[in-house]
Amino acid sequence: MDKISAAQSSSEHSADQDAMDDLSQSVLTRRTLLINGAAMAAFATLPAISNAVQEEKTMAQATATPKSSGAAADKDAVRPFQINFPEVELAELRRRIDATKWPESETVTDASQGVQLATMQKLANYWAKDYDWRKCEARLKALPNFITEIDGLDIHFIHVRSKHENALPIIITHGWPGSIIEQLKVIEPLTNPTAHGGTAADAFHVVIPSMPGYGFSGKPTTAGWGPERIARANVSLMKRLGYTKFVAQGGDWGALISDLMGVQAPPELLAIHTNMAGAVPAEIDKAAFTGAPPPPGLTAEEKLGYEHLTDFYQHGLAYAQEMGNRPQTLYGIADSPVGLAAWIIDHDIRSYKLITRIFDGQTEGLTRDDILDNITLYWLTNTGVSSARLYWENKLGFVSPKKVGIPVAVSVFPDEIYIVSKRWAEQAYPKLIHFNVLPKGCHFAAWEQPELFTSELRTAFKSLRN
């Protein structure tokens with residue numbers, strides 16, 4: 001495990017078909033949901049330049065070591081990847097921001113009609129005049145970036161190995177509207193714990209992939225890249241890197257993908273950690289979707305989780321419904337940077353309020369640059385629409401249990417879209433090895449609260465280390 005292996009990976013581990021059939025029957029597709037109003041898959045969400053294979057002209061430029069036109073073994077090669085966006089594209093971005101055709105202001109004093117004009121104009125002004133993408137690009141360039149082909153698609157990933165010999169390998173999967181930007185703050189404390197309040201025994205080797213259609217990974221040109229396939233690709237990636245034992249972590253889409261890795265249960269996967277647990281009982285989820293009063297028998301914590309979920313279903317689900325049903329219609333977010341930014345920050349009300357406070361000048365867990373680093377990556381790689389297609393691909397409910405049979409650790413951040421109780425987590429994950437409710441933090445836990453997030457991973461997997 002001391003070197004990246006470019007040897008041909010063993011065949012991908014396939015999910016147990018019976019388990020997946022049961023899982024598929026237990027939830028409705030989002031497209032079915034949109035027609036029938038069922039609850040489960042409404043929330044099947046809840047964040048690219050394909051260099052060598054990208055045929056269309058994009059605004060971003062990045063390069064990987066070219067593939068040779070030879071043996072099949074080249075498909076398994078792990079190629080260095082370099083990031084370099086030309087200045088002309090940054091100038092074009094600023095020009096488009098300045099040329100925004102603004103609508104009139106909302107007719108209410110709150111965010112009930114959507115992202116408020118004042119917030120967007122503050123964001124756009126800073127983005128066009130003061131924001132410097134090159135700072136983010138320099139941080140990305142300082143990390144080991146790679147590309148490898150998995151199941152016919154180029155997958156980009158960051159791979160940082162710890163100097164500590166017995167570090168635990170971990171693959172961390174982002175979500176929407178996130179990206180690899182979400183995890184940049186946790187790489188150093190995870191790989192170098194002795195410099196960040198930990199011990200050598202807390203060390204991780206960290207792998208952070210860009211999901212298909214996101215960031216620097218390839219954009220699928222045919223249907224079929226749903227979360228189950230991404231879960232298998234994650235396992236293939238870790239095996240290709242020479243890891244015979246590893247753990248997985250995720251939030252948002254990464255949470256669903258990590259759950260599915262746990263359902264597929266390859267022998268190399270020791271456990272998973274999630275900061276958005278698929279653990280809401282089906283009857284609770286259904287009631288929340290209909291807006292019914294809380295069912296009897298809920299604890300105070302469960303009532304709060306129910307209120308969060310009900311509010312999201314009633315007021316925050318529209319973006320997921322549109323991307324789950326008609327992602328190709330979102331041409332505007334590929335053409336307008338301000339349109340893209342508004343679409344991205346209107347993810348959930350608690351995160352939106354956080355972002356609003358930041359652009360009002362308050363100090364929070366994120367900064368204006370954090371937010372614009374992520375949005376700018378989407379813009380420069382032109383992945384607004386390609387990332388949205390994952391919603392259309394998904395056929396699984398998000399908040400409901402998935403029958404994960406391997407050890408699972410759960411961290412609950414209080415301002416998440418929904419929260420789960422320990423009772424619900426124990427029911428959903430029979431092999432629960434860690435459960436903790438944090439004092440603060442929202443949907444983007446690793447990004448907003450990197451110290452708490454790092455501490456949770458250290459504690460969650462401690463029992464699995466030799």
# chains A, B, ... in the order shown; residues from 1 in each chain; ligands from 1
$ residues_around --residues "A:Lys122" --least-positions-apart "6" --cutoff "10 Å" --atoms "only C-alpha atoms" --output "list of chain:residue names"
A:Thr356, A:Phe359, A:Asp360
$ residues_around --residues "A:Pro169" --least-positions-apart "4" --cutoff "12 Å" --atoms "only C-alpha atoms" --output "CSV table (one decimal) with N, CA and C atoms, in the first residue's frame"
chain,number,residue,atom,x,y,z
A,1,MET,N,0.8,-1.2,0.0
A,1,MET,CA,0.0,0.0,0.0
A,1,MET,C,0.8,1.3,0.0
A,2,ASP,N,2.2,1.1,-0.1
A,2,ASP,CA,3.0,2.3,-0.1
A,2,ASP,C,3.1,3.0,-1.4
A,159,HIS,N,-5.5,12.4,-4.4
A,159,HIS,CA,-5.0,11.2,-3.6
A,159,HIS,C,-3.8,11.7,-2.8
A,160,VAL,N,-4.0,11.9,-1.5
A,160,VAL,CA,-3.0,12.3,-0.6
A,160,VAL,C,-2.7,11.2,0.5
A,161,ARG,N,-1.5,10.7,0.4
A,161,ARG,CA,-1.1,9.7,1.4
A,161,ARG,C,-0.4,10.3,2.6
A,162,SER,N,-0.7,9.7,3.7
A,162,SER,CA,-0.1,10.2,5.0
A,162,SER,C,1.3,9.7,5.1
A,164,HIS,N,2.4,8.7,7.9
A,164,HIS,CA,2.3,7.7,8.9
A,164,HIS,C,2.0,6.3,8.3
A,165,GLU,N,2.8,5.4,8.7
A,165,GLU,CA,2.9,4.1,8.1
A,165,GLU,C,1.6,3.3,8.1
A,190,LEU,N,-6.5,15.2,8.3
A,190,LEU,CA,-6.7,13.8,8.2
A,190,LEU,C,-5.4,13.1,7.9
A,191,THR,N,-4.6,13.6,7.0
A,191,THR,CA,-3.3,12.9,6.6
A,191,THR,C,-2.2,13.3,7.5
A,202,ASP,N,-4.2,8.4,14.3
A,202,ASP,CA,-5.4,9.0,13.7
A,202,ASP,C,-5.3,9.2,12.2
A,203,ALA,N,-4.2,8.8,11.6
A,203,ALA,CA,-3.9,9.2,10.3
A,203,ALA,C,-4.7,8.4,9.2
A,204,PHE,N,-5.0,9.1,8.2
A,204,PHE,CA,-5.7,8.5,7.0
A,204,PHE,C,-4.9,8.8,5.7
A,205,HIS,N,-5.0,7.8,4.8
A,205,HIS,CA,-4.7,8.1,3.4
A,205,HIS,C,-6.0,8.5,2.8
A,206,VAL,N,-6.0,9.7,2.1
A,206,VAL,CA,-7.2,10.3,1.6
A,206,VAL,C,-7.4,10.3,0.1
A,207,VAL,N,-8.5,9.8,-0.3
A,207,VAL,CA,-8.9,9.8,-1.8
A,207,VAL,C,-10.2,10.5,-1.9
A,208,ILE,N,-10.2,11.5,-2.8
A,208,ILE,CA,-11.4,12.3,-3.0
A,208,ILE,C,-11.7,12.4,-4.5
A,235,VAL,N,-15.2,1.7,-5.4
A,235,VAL,CA,-14.5,0.5,-4.9
A,235,VAL,C,-13.4,0.1,-5.9
A,237,LEU,N,-11.8,2.1,-7.8
A,237,LEU,CA,-10.7,3.1,-7.7
A,237,LEU,C,-9.8,2.8,-6.5
A,238,MET,N,-10.4,2.4,-5.4
A,238,MET,CA,-9.5,2.1,-4.2
A,238,MET,C,-8.7,0.9,-4.4
A,239,LYS,N,-9.3,-0.1,-5.1
A,239,LYS,CA,-8.5,-1.3,-5.4
A,239,LYS,C,-7.4,-1.0,-6.4
A,241,LEU,N,-5.8,1.6,-6.6
A,241,LEU,CA,-4.7,2.3,-5.9
A,241,LEU,C,-3.9,1.4,-5.0
A,242,GLY,N,-4.3,0.1,-4.9
A,242,GLY,CA,-3.6,-0.8,-4.1
A,242,GLY,C,-4.1,-1.0,-2.7
A,243,TYR,N,-5.3,-0.5,-2.4
A,243,TYR,CA,-5.8,-0.6,-1.0
A,243,TYR,C,-6.6,-1.9,-0.9
A,244,THR,N,-6.2,-2.7,0.0
A,244,THR,CA,-6.9,-4.0,0.2
A,244,THR,C,-7.9,-3.9,1.4
A,245,LYS,N,-7.8,-2.8,2.2
A,245,LYS,CA,-8.8,-2.5,3.2
A,245,LYS,C,-9.0,-1.0,3.3
A,246,PHE,N,-10.2,-0.5,3.3
A,246,PHE,CA,-10.4,0.9,3.4
A,246,PHE,C,-11.8,1.2,4.0
A,247,VAL,N,-12.1,2.5,4.3
A,247,VAL,CA,-13.4,2.9,4.7
A,247,VAL,C,-13.9,4.0,3.7
A,248,ALA,N,-15.2,4.3,3.9
A,248,ALA,CA,-15.8,5.3,3.0
A,248,ALA,C,-16.6,6.3,3.8
A,249,GLN,N,-16.7,7.5,3.2
A,249,GLN,CA,-17.4,8.6,3.9
A,249,GLN,C,-18.1,9.4,2.9
A,268,GLU,N,-13.2,-5.6,0.7
A,268,GLU,CA,-12.2,-4.6,1.1
A,268,GLU,C,-12.8,-3.5,2.0
A,269,LEU,N,-14.1,-3.2,1.9
A,269,LEU,CA,-14.7,-2.1,2.7
A,269,LEU,C,-15.0,-2.5,4.1
A,270,LEU,N,-14.3,-1.8,5.0
A,270,LEU,CA,-14.4,-2.1,6.4
A,270,LEU,C,-15.6,-1.5,7.1
A,271,ALA,N,-16.0,-0.3,6.7
A,271,ALA,CA,-17.1,0.5,7.3
A,271,ALA,C,-17.3,1.7,6.5
A,272,ILE,N,-18.4,2.4,6.8
A,272,ILE,CA,-18.7,3.7,6.2
A,272,ILE,C,-19.1,4.7,7.3
A,457,LEU,N,-14.4,11.7,12.2
A,457,LEU,CA,-13.8,10.6,11.5
A,457,LEU,C,-12.8,9.8,12.3
A,461,PHE,N,-13.8,5.7,13.3
A,461,PHE,CA,-13.1,4.5,12.8
A,461,PHE,C,-12.0,4.0,13.7
A,464,LEU,N,-11.6,0.3,14.3
A,464,LEU,CA,-11.3,-0.6,13.1
A,464,LEU,C,-9.8,-0.7,12.9
A,465,ARG,N,-9.0,0.2,13.5
A,465,ARG,CA,-7.6,0.2,13.3
A,465,ARG,C,-6.9,-0.9,14.0
$ closest_residue --among "A:Glu188, A:Glu364, A:Asp76, A:Glu322" --to "A:Val385" --atoms "only C-alpha atoms"
A:Glu322
$ closest_atom_pairs --of "stretch 305-419 of chain A" --to "stretch 98-108 of chain A" --cutoff "12 Å" --atoms "only C-alpha atoms" --output "tab-separated table"
residue	atom	partner	partner_atom	distance
A:Gly332	CA	A:Thr100	CA	11.9
A:Asp335	CA	A:Thr100	CA	10.7
A:Ser336	CA	A:Thr100	CA	7.6
A:Pro337	CA	A:Thr100	CA	8.5
A:Val338	CA	A:Thr100	CA	7.1
A:Gly339	CA	A:Thr100	CA	8.9
A:Leu340	CA	A:Thr100	CA	11.7
$ residues_around --residues "A:Tyr319" --least-positions-apart "2" --cutoff "9 Å" --atoms "only C-alpha atoms" --output "VMD selection string"
chain A and resid 316 to 317 321 to 324 343 346 to 347
